[in-house]
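work10.tsv (TSV, C-alpha atoms and all ligand atoms) appears below.
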chain	number	residue	atom	x	y	z
A	418	MET	CA	37.85	101.36	82.62
A	419	PRO	CA	40.44	103.86	83.91
A	420	ARG	CA	41.55	103.53	87.51
A	421	VAL	CA	40.55	106.27	89.95
A	422	VAL	CA	43.37	106.73	92.44
A	423	GLY	CA	43.49	109.49	95.03
A	424	HIS	CA	46.05	110.90	97.43
A	425	LEU	CA	45.07	112.92	100.47
A	426	ASP	CA	47.51	114.94	102.58
A	427	LEU	CA	46.57	117.12	105.55
A	428	ASP	CA	47.85	120.68	105.43
A	429	TYR	CA	50.66	121.71	107.85
A	430	PHE	CA	49.37	118.88	109.98
A	431	TYR	CA	50.85	119.19	113.48
A	432	ALA	CA	50.62	122.98	113.43
A	433	GLN	CA	47.05	122.91	112.15
A	434	VAL	CA	46.01	120.55	114.94
A	435	GLU	CA	47.47	123.03	117.42
A	436	GLU	CA	45.60	125.93	115.76
A	437	VAL	CA	42.32	124.06	116.02
A	438	GLU	CA	42.90	123.40	119.69
A	439	ASP	CA	43.88	126.99	120.48
A	440	PRO	CA	42.06	129.58	118.33
A	441	SER	CA	44.30	132.38	119.67
A	442	LEU	CA	47.00	131.01	117.34
A	443	LYS	CA	45.03	131.88	114.20
A	444	GLY	CA	46.84	134.38	112.01
A	445	ARG	CA	50.10	134.06	113.92
A	446	PRO	CA	53.21	132.17	112.82
A	447	VAL	CA	53.15	128.77	114.54
A	448	ILE	CA	55.99	126.29	114.80
A	449	VAL	CA	55.78	122.83	116.32
A	450	CYS	CA	59.18	121.79	117.67
A	451	VAL	CA	61.04	118.70	118.79
A	452	PHE	CA	63.19	119.78	121.71
A	453	SER	CA	66.21	117.53	122.12
A	454	GLY	CA	66.73	118.70	125.70
A	455	ARG	CA	70.46	119.30	125.42
A	456	THR	CA	70.13	123.06	125.85
A	457	GLU	CA	66.96	125.06	126.26
A	458	ASP	CA	66.45	125.64	122.55
A	459	SER	CA	68.29	122.76	120.95
A	460	GLY	CA	66.18	120.75	118.57
A	461	VAL	CA	64.42	121.20	115.24
A	462	VAL	CA	61.21	122.52	113.82
A	463	SER	CA	58.88	119.61	113.05
A	464	THR	CA	56.51	121.73	111.02
A	465	ALA	CA	55.44	125.34	110.57
A	466	ASN	CA	52.14	126.86	109.55
A	467	TYR	CA	52.01	128.82	106.28
A	468	ARG	CA	52.44	132.18	108.00
A	469	ALA	CA	55.74	130.97	109.48
A	470	ARG	CA	56.77	129.46	106.14
A	471	GLU	CA	56.30	132.84	104.48
A	472	LEU	CA	58.87	134.12	106.96
A	473	GLY	CA	61.38	131.50	105.87
A	474	VAL	CA	60.84	128.73	108.44
A	475	HIS	CA	60.56	125.08	107.38
A	476	SER	CA	60.57	121.51	108.76
A	477	GLY	CA	63.96	120.38	109.99
A	478	MET	CA	65.26	123.89	110.70
A	479	PRO	CA	67.09	124.35	114.05
A	480	ILE	CA	64.76	125.97	116.59
A	481	VAL	CA	67.31	128.70	117.32
A	482	LEU	CA	67.38	129.77	113.68
A	483	ALA	CA	63.58	129.63	113.37
A	484	LYS	CA	63.19	131.82	116.45
A	485	LYS	CA	65.52	134.39	114.90
A	486	LYS	CA	63.45	134.53	111.74
A	487	LEU	CA	60.27	134.93	113.76
A	488	GLU	CA	61.55	137.57	116.16
A	489	GLY	CA	58.98	140.29	116.85
A	490	LYS	CA	56.25	138.44	114.87
A	491	GLU	CA	54.24	137.14	117.84
A	492	ALA	CA	55.12	133.60	116.89
A	493	ALA	CA	53.88	130.63	118.88
A	494	VAL	CA	56.49	127.98	119.65
A	495	ILE	CA	54.84	124.72	120.59
A	496	ARG	CA	56.25	121.44	121.85
A	497	MET	CA	55.41	118.48	119.64
A	498	ASP	CA	52.75	116.18	121.13
A	499	HIS	CA	52.93	113.12	118.92
A	500	ARG	CA	50.24	111.21	120.74
A	501	LYS	CA	47.71	113.95	120.12
A	502	TYR	CA	48.42	113.96	116.37
A	503	GLU	CA	48.25	110.15	116.30
A	504	GLU	CA	44.79	110.26	117.80
A	505	VAL	CA	43.51	112.81	115.30
A	506	SER	CA	45.11	110.82	112.49
A	507	ALA	CA	43.49	107.55	113.64
A	508	ARG	CA	40.03	109.15	113.72
A	509	ILE	CA	40.47	110.56	110.23
A	510	MET	CA	41.80	107.31	108.76
A	511	GLU	CA	38.98	105.35	110.33
A	512	ASP	CA	36.39	107.63	108.80
A	513	LEU	CA	38.16	107.58	105.42
A	514	GLU	CA	38.27	103.80	105.43
A	515	GLY	CA	34.49	103.76	105.25
A	516	ARG	CA	34.28	106.27	102.40
A	517	VAL	CA	36.60	104.70	99.85
A	518	ASP	CA	37.03	101.27	98.25
A	519	VAL	CA	40.61	100.78	99.44
A	520	LEU	CA	42.64	102.95	101.80
A	521	GLU	CA	46.44	102.81	102.02
A	522	PRO	CA	47.78	105.11	104.74
A	523	THR	CA	51.34	106.13	103.90
A	524	GLY	CA	52.09	108.37	106.85
A	525	ILE	CA	50.51	110.03	109.86
A	526	ASP	CA	48.78	112.65	107.68
A	527	GLU	CA	48.41	111.04	104.28
A	528	ALA	CA	46.94	108.12	102.40
A	529	PHE	CA	46.33	106.80	98.93
A	530	PHE	CA	42.81	105.63	98.15
A	531	ASP	CA	41.06	103.87	95.31
A	532	LEU	CA	37.57	104.66	94.02
A	533	THR	CA	37.61	102.68	90.76
A	534	ALA	CA	35.03	100.07	91.71
A	535	SER	CA	32.49	102.31	93.41
A	536	THR	CA	32.60	104.99	90.68
A	537	ARG	CA	33.13	102.57	87.78
A	538	GLY	CA	35.87	104.88	86.56
A	539	ASP	CA	33.58	107.92	86.43
A	540	TYR	CA	35.70	110.96	87.30
A	541	SER	CA	32.81	113.31	87.99
A	542	ALA	CA	31.36	110.87	90.53
A	543	ALA	CA	34.84	110.50	92.04
A	544	THR	CA	35.19	114.28	92.25
A	545	LYS	CA	31.99	114.45	94.29
A	546	THR	CA	33.29	111.76	96.63
A	547	ALA	CA	36.59	113.62	97.05
A	548	GLU	CA	34.72	116.84	97.84
A	549	SER	CA	32.59	115.08	100.43
A	550	ILE	CA	35.70	113.54	101.99
A	551	LYS	CA	37.29	116.98	102.37
A	552	GLU	CA	34.09	118.34	103.82
A	553	ALA	CA	33.76	115.45	106.28
A	554	ILE	CA	37.28	115.95	107.60
A	555	PHE	CA	36.62	119.65	107.98
A	556	ASN	CA	33.30	119.11	109.73
A	557	ALA	CA	34.64	116.48	112.09
A	558	GLU	CA	38.09	117.89	112.88
A	559	HIS	CA	38.11	121.45	111.49
A	560	LEU	CA	41.19	120.50	109.47
A	561	THR	CA	41.91	121.25	105.82
A	562	CYS	CA	43.62	118.82	103.49
A	563	SER	CA	44.72	118.64	99.88
A	564	VAL	CA	43.58	115.92	97.52
A	565	GLY	CA	44.81	114.80	94.12
A	566	MET	CA	43.13	112.28	91.86
A	567	GLY	CA	44.13	110.58	88.66
A	568	ARG	CA	44.68	107.23	87.05
A	569	SER	CA	47.76	106.24	89.06
A	570	LYS	CA	49.59	106.93	92.30
A	571	VAL	CA	52.10	109.15	90.55
A	572	VAL	CA	49.35	111.40	89.19
A	573	ALA	CA	47.39	111.43	92.47
A	574	LYS	CA	50.44	112.40	94.52
A	575	LEU	CA	51.38	115.19	92.10
A	576	GLY	CA	47.81	116.41	92.30
A	577	SER	CA	47.75	116.67	96.09
A	578	ASP	CA	51.08	118.55	96.03
A	579	MET	CA	49.72	121.01	93.48
A	580	ALA	CA	46.45	121.44	95.34
A	581	LYS	CA	48.22	122.59	98.50
A	582	PRO	CA	46.89	124.12	100.64
A	583	GLY	CA	43.28	123.12	100.87
A	584	GLY	CA	42.56	122.27	97.25
A	585	LEU	CA	41.42	119.42	95.04
A	586	LYS	CA	43.21	118.64	91.78
A	587	VAL	CA	41.56	116.09	89.55
A	588	VAL	CA	43.37	114.92	86.43
A	589	PRO	CA	40.86	113.02	84.29
A	590	ALA	CA	42.38	109.88	82.78
A	591	ASP	CA	42.48	111.29	79.23
A	592	ALA	CA	44.22	114.50	80.34
A	593	THR	CA	47.12	112.67	81.99
A	594	ALA	CA	49.76	113.03	79.28
A	595	SER	CA	49.42	116.80	78.87
A	596	PHE	CA	49.28	117.24	82.64
A	597	LEU	CA	52.53	115.35	83.15
A	598	GLU	CA	54.56	116.69	80.24
A	599	PRO	CA	56.04	119.82	81.92
A	600	ILE	CA	56.44	118.26	85.39
A	601	PRO	CA	60.07	118.18	86.64
A	602	VAL	CA	61.21	114.58	87.12
A	603	GLU	CA	62.17	115.12	90.76
A	604	LYS	CA	58.52	115.77	91.54
A	605	LEU	CA	57.47	112.29	90.43
A	606	TYR	CA	56.50	109.92	93.27
A	607	GLY	CA	59.20	107.25	93.49
A	608	VAL	CA	61.93	109.44	91.98
A	609	GLY	CA	64.46	110.37	94.66
A	610	PRO	CA	67.35	112.87	94.46
A	611	LYS	CA	69.78	110.20	93.19
A	612	THR	CA	67.54	109.10	90.34
A	613	SER	CA	66.73	112.64	89.31
A	614	SER	CA	70.40	113.65	89.18
A	615	THR	CA	71.17	110.61	86.99
A	616	LEU	CA	68.26	111.60	84.75
A	617	LEU	CA	69.58	115.16	84.56
A	618	GLU	CA	72.96	113.78	83.45
A	619	MET	CA	71.10	112.02	80.65
A	620	GLY	CA	69.56	115.34	79.64
A	621	ILE	CA	66.13	114.45	81.02
A	622	SER	CA	64.54	117.04	83.29
A	623	THR	CA	60.78	116.75	82.66
A	624	ALA	CA	58.29	113.90	82.65
A	625	GLY	CA	57.66	114.63	78.95
A	626	GLN	CA	61.33	114.13	78.15
A	627	LEU	CA	61.36	110.99	80.27
A	628	ALA	CA	58.40	109.61	78.34
A	629	ALA	CA	60.28	110.19	75.07
A	630	ALA	CA	63.52	108.60	76.30
A	631	ASP	CA	64.88	105.44	74.74
A	632	PRO	CA	63.63	102.55	76.92
A	633	SER	CA	66.87	100.63	76.49
A	634	ASP	CA	68.90	103.62	77.76
A	635	LEU	CA	66.73	103.76	80.87
A	636	GLU	CA	67.06	100.02	81.40
A	637	LYS	CA	70.84	100.24	81.09
A	638	ARG	CA	71.03	102.99	83.71
A	639	PHE	CA	68.35	101.84	86.16
A	640	GLY	CA	67.83	98.14	85.49
A	641	LYS	CA	64.85	96.53	83.82
A	642	LYS	CA	62.39	96.87	86.65
A	643	PHE	CA	62.99	100.45	87.81
A	644	GLY	CA	63.69	101.65	84.26
A	645	GLY	CA	60.33	100.24	83.26
A	646	PHE	CA	58.64	101.92	86.22
A	647	LEU	CA	60.15	105.30	85.32
A	648	LEU	CA	58.79	105.07	81.81
A	649	LEU	CA	55.31	104.19	83.03
A	650	ALA	CA	55.43	106.86	85.75
A	651	SER	CA	56.29	109.53	83.19
A	652	THR	CA	53.02	108.93	81.34
A	653	GLY	CA	50.94	108.29	84.46
A	654	ASP	CA	50.58	104.61	83.61
A	655	ASP	CA	52.31	103.19	86.66
A	656	SER	CA	50.20	100.29	87.74
A	657	SER	CA	51.20	100.09	91.40
A	658	PRO	CA	47.97	99.26	93.21
A	659	VAL	CA	46.49	100.92	96.26
A	660	THR	CA	46.84	98.22	98.89
A	661	ALA	CA	45.09	98.21	102.21
A	662	ASP	CA	47.02	97.66	105.42
A	663	LEU	CA	48.23	94.09	105.50
A	664	GLU	CA	47.08	93.67	109.06
A	665	PRO	CA	43.82	95.53	109.47
A	666	THR	CA	42.69	96.11	113.04
A	667	GLN	CA	39.09	96.94	112.21
A	668	PHE	CA	36.58	97.36	109.41
A	669	SER	CA	33.93	100.04	109.35
A	670	ARG	CA	31.44	101.78	107.13
A	671	ILE	CA	29.65	105.06	107.80
A	672	VAL	CA	26.82	106.25	105.56
A	673	THR	CA	25.12	109.63	105.34
A	674	LEU	CA	21.35	109.26	105.77
A	675	LYS	CA	18.98	110.50	103.11
A	676	ARG	CA	17.51	112.80	105.73
A	677	ASP	CA	18.17	113.42	109.41
A	678	THR	CA	16.04	111.12	111.52
A	679	SER	CA	15.34	110.28	115.15
A	680	ASP	CA	14.03	106.85	114.20
A	681	PRO	CA	16.83	104.31	114.77
A	682	GLN	CA	15.12	101.74	112.53
A	683	GLU	CA	14.93	104.15	109.64
A	684	ALA	CA	18.63	104.91	110.10
A	685	PHE	CA	19.54	101.27	110.39
A	686	ALA	CA	17.63	100.35	107.22
A	687	GLN	CA	19.91	102.65	105.27
A	688	LEU	CA	22.96	101.03	106.79
A	689	ALA	CA	22.12	97.59	105.31
A	690	GLU	CA	24.73	97.96	102.57
A	691	GLY	CA	27.28	99.18	105.07
A	692	VAL	CA	26.69	96.09	107.20
A	693	GLU	CA	27.19	93.87	104.16
A	694	TYR	CA	30.30	95.79	103.22
A	695	VAL	CA	31.83	95.23	106.65
A	696	HIS	CA	30.97	91.54	106.48
A	697	ARG	CA	32.51	91.25	103.02
A	698	LYS	CA	35.71	92.93	104.18
A	699	LEU	CA	35.89	90.58	107.13
A	700	THR	CA	35.35	87.51	104.95
A	701	THR	CA	37.87	88.61	102.32
A	702	ALA	CA	40.49	89.17	105.01
A	703	GLY	CA	39.70	85.82	106.64
A	704	LYS	CA	39.03	87.45	109.99
A	705	SER	CA	36.62	87.14	112.88
A	706	PHE	CA	35.70	89.94	115.26
A	707	ARG	CA	34.87	90.14	118.91
A	708	THR	CA	33.71	93.75	119.20
A	709	LEU	CA	30.94	95.36	117.21
A	710	THR	CA	30.24	99.07	117.43
A	711	ALA	CA	27.30	101.11	116.19
A	712	ILE	CA	28.26	104.69	115.37
A	713	GLY	CA	25.81	107.59	115.34
A	714	ILE	CA	26.73	111.04	114.09
A	715	TYR	CA	24.05	113.59	114.96
A	716	SER	CA	22.78	116.75	113.29
A	717	ASP	CA	25.11	118.85	115.46
A	718	LEU	CA	27.98	116.57	114.30
A	719	SER	CA	28.52	115.08	117.74
A	720	THR	CA	29.31	111.36	117.73
A	721	LYS	CA	28.03	108.57	119.98
A	722	THR	CA	28.91	104.90	119.91
A	723	LYS	CA	27.55	101.72	121.48
A	724	SER	CA	29.60	98.55	121.52
A	725	ARG	CA	29.18	94.91	122.34
A	726	THR	CA	32.07	92.53	122.88
A	727	PHE	CA	31.56	88.78	122.41
A	728	GLU	CA	33.44	86.17	124.37
A	729	THR	CA	34.25	84.20	121.23
A	730	PRO	CA	35.12	85.45	117.75
A	731	MET	CA	32.18	85.96	115.37
A	732	ASP	CA	32.10	86.34	111.62
A	733	ASP	CA	28.63	85.84	110.17
A	734	LEU	CA	26.39	88.41	108.58
A	735	GLY	CA	23.40	87.53	110.77
A	736	THR	CA	25.25	88.33	113.97
A	737	ILE	CA	26.53	91.62	112.60
A	738	ARG	CA	23.06	92.57	111.41
A	739	GLU	CA	21.16	91.64	114.55
A	740	THR	CA	23.70	93.05	116.98
A	741	SER	CA	24.10	96.35	115.16
A	742	ALA	CA	20.30	96.72	114.92
A	743	ALA	CA	20.03	96.23	118.68
A	744	LEU	CA	22.86	98.69	119.34
A	745	PHE	CA	21.15	101.23	117.10
A	746	GLU	CA	17.99	100.92	119.13
A	747	GLU	CA	20.05	101.81	122.20
A	748	LEU	CA	21.72	104.71	120.41
A	749	GLY	CA	18.39	106.06	119.25
A	750	ARG	CA	16.89	105.85	122.72
A	751	SER	CA	19.71	107.82	124.35
A	752	ALA	CA	20.03	110.53	121.66
A	753	GLU	CA	18.75	114.07	121.96
A	754	LYS	CA	19.44	115.10	118.37
A	755	PRO	CA	18.36	113.45	115.12
A	756	LEU	CA	20.88	111.18	113.40
A	757	ARG	CA	22.67	112.46	110.31
A	758	ARG	CA	25.07	109.59	109.67
A	759	ALA	CA	25.15	105.99	110.78
A	760	GLY	CA	27.99	103.51	110.87
A	761	VAL	CA	29.06	100.08	111.97
A	762	ARG	CA	32.49	98.85	112.96
A	763	VAL	CA	33.97	95.47	113.81
A	764	SER	CA	37.21	95.30	115.77
A	765	SER	CA	39.28	93.01	118.04
A	766	LEU	CA	39.96	90.97	114.93
A	767	SER	CA	41.54	87.55	114.85
A	768	ASN	CA	42.46	85.12	112.10
A	769	LYS	CA	39.90	82.50	111.26
A	770	GLU	CA	42.40	80.06	109.85
A	771	GLY	CA	42.33	76.66	111.42
A	772	GLN	CA	39.76	77.45	114.06
A	773	THR	CA	36.05	77.01	114.08
A	774	SER	CA	34.37	80.02	115.58
A	775	LEU	CA	31.25	79.80	117.64
A	776	SER	CA	29.23	81.60	114.98
A	777	GLU	CA	30.32	79.09	112.33
A	778	PHE	CA	29.26	76.38	114.72
A	779	LEU	CA	25.89	78.02	115.29
A	780	HIS	CA	25.28	79.04	111.68
A	781	PRO	CA	27.24	76.54	109.59
A	782	VAL	CA	27.83	77.52	105.95
A	783	LYS	CA	25.75	75.23	103.78
B	801	LIG	P1	52.16	120.37	104.16
B	801	LIG	O1	51.74	118.96	103.91
B	801	LIG	O2	53.22	120.85	103.25
B	801	LIG	O3	51.02	121.33	104.23
B	801	LIG	O4	52.83	120.41	105.62
B	801	LIG	P2	52.99	119.26	106.70
B	801	LIG	O5	53.52	119.89	107.94
B	801	LIG	O6	51.72	118.48	106.87
B	801	LIG	O7	54.14	118.38	106.04
B	801	LIG	P3	54.21	116.82	105.76
B	801	LIG	O8	52.95	116.31	105.18
B	801	LIG	O9	55.45	116.62	104.94
B	801	LIG	O10	54.46	116.15	107.17
B	801	LIG	C1	53.42	115.78	108.07
B	801	LIG	C2	53.89	115.98	109.52
B	801	LIG	O11	55.09	115.26	109.76
B	801	LIG	C3	54.22	117.42	109.83
B	801	LIG	O12	53.07	118.17	110.22
B	801	LIG	C4	55.23	117.29	110.93
B	801	LIG	C5	55.98	116.01	110.61
B	801	LIG	N1	57.25	116.32	109.90
B	801	LIG	C6	57.43	116.61	108.59
B	801	LIG	N2	58.70	116.85	108.29
B	801	LIG	C7	59.38	116.72	109.45
B	801	LIG	C8	60.78	116.87	109.82
B	801	LIG	O13	61.66	117.18	109.00
B	801	LIG	N3	61.11	116.65	111.15
B	801	LIG	C9	60.15	116.29	112.08
B	801	LIG	N4	60.53	116.08	113.34
B	801	LIG	N5	58.85	116.16	111.77
B	801	LIG	C10	58.46	116.37	110.48
B	802	CA	CA	50.85	117.28	105.18
B	803	CA	CA	52.42	114.19	104.51

Could I get this file's structure written as structure tokens?
Ligand code: DGT
Ligand code: CA
Ligand code: CA
Amino acid sequence: MPRVVGHLDLDYFYAQVEEVEDPSLKGRPVIVCVFSGRTEDSGVVSTANYRARELGVHSGMPIVLAKKKLEGKEAAVIRMDHRKYEEVSARIMEDLEGRVDVLEPTGIDEAFFDLTASTRGDYSAATKTAESIKEAIFNAEHLTCSVGMGRSKVVAKLGSDMAKPGGLKVVPADATASFLEPIPVEKLYGVGPKTSSTLLEMGISTAGQLAAADPSDLEKRFGKKFGGFLLLASTGDDSSPVTADLEPTQFSRIVTLKRDTSDPQEAFAQLAEGVEYVHRKLTTAGKSFRTLTAIGIYSDLSTKTKSRTFETPMDDLGTIRETSAALFEELGRSAEKPLRRAGVRVSSLSNKEGQTSLSEFLHPVK
């Protein structure tokens, strides 16, 4: 079964967040800047929207120079607000976590994900999931992103780069070799400027040429391990896994209901698998939780949550099931709109190791 690995990257992230917040920015060049404070305009451009990029502005450019390029273009110059972007990022990652098998965030606006198990290696099913992920981010945050999918991280990352802005590039497992052949080596994930200049010296400029290189030459130049990786990367066979955060802070699952409903029990019935999923994640990670949250997303896409925090750590399926059912009752009672999606989240996690939790005491494993 081929792996299904994805990479998602939000488009011109900081600047897009600013555009969403202030619609008057739409259509204008926008730059988000880090002011160093030394003089009024000292500092650099953190990112620019595509309109500003067309005018020659890019990340890392001195603000003074960017302003020159944007003179007379009604550009918006905005001070970077990292906390705001962190909050948007956290919401997106949390939602993503519940939609994929494994999520590996690799930056504030990007993550690898794995869909192999849930799709059983079926690329058309995975394509549908990727489309629904893009749609969910757009519906919830009004942000566009680019997604790439293929049988390894190298392929997925190339895909998201090529899909920019706003697209989805799927490379089915059996199309990997022809997809990679013309790709310049410096575009391969894991190949930095130093490696690519060494490769160029060896007369290797594309992934196809890299794939055809003599393995022993590569080993001599880059060592056994990295040389081996380069060879695998060039054919899209790199096996580096998508690994979840080593220290998760929460586990959640959100499902889309078969139809919108105002009946909390009907909604909760469809969340049964989600509840089991959260419990499984908790068990696999060897964690207990203290806070459980029921999440309701309504037909107008507004979100409401109800939480309960226990005094002692809990970890058993029964507690998760009963508590989330009760919280859903409360959610249903206070809602004005029918539910479209339903979710459950456990947080305030602690390690189970070496301690007997109250729930183990109450419901001992037989
Ligand atoms: P994209 O992905 O090409 O559509 O554009 P961005 O802006 O999302 O670029 P990306 O994904 O490389 O970086 C994500 C955010 O990180 C970006 O919105 C702002 C910040 N960032 C990127 N490069 C720089 C930089 O050189 N300096 C500073 N201060 N921030 C940066
Ligand atoms: Ca980005
Ligand atoms: Ca990024």

Item to complete: Please indicate the distance in Å from atom CA of Thr710 of chain A to atom CA of Thr726 of chain A, rounded to one decimal place.
Response: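 These two atoms are separated by 8.7 Å.
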
Can you pull out every residue with an atom within 9 Å of ligand CA 803 (chain B)? Use only C-alpha atoms and all ligand atoms and format it as a VMD selection string. chain A and resid 425 to 430 523 to 528

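Atom pair atom CA of Asn556 of chain A / atom CA of Asp717 of chain A: separated by 10.0 Å.
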
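Contact shell of Val519 of chain A at 7 Å (all atoms listed in the file; same-chain neighbours under 4 positions omitted): Phe530, Asp531, Val659, Thr660 and Ala661 of chain A.
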
Using all atoms listed in the file, which residues sit within 12 Å of Lys698 of chain A once same-chain residues fewer than 2 positions away are excluded, as number ranges by chain?
A: 514-515, 518-519, 661, 665-670, 691-696, 700-706, 732-734, 762-764, 766

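Close to (26.7, 115.8, 117.8), meaning no more than 12 Å away when counting only C-alpha atoms, sit the residues Asn556, Ala557, Ile712, Gly713, Ile714, Tyr715, Ser716, Asp717, Leu718, Ser719, Thr720, Lys721, Thr722, Ala752, Glu753, Lys754, Pro755, Leu756, Arg757 and Arg758 of chain A.
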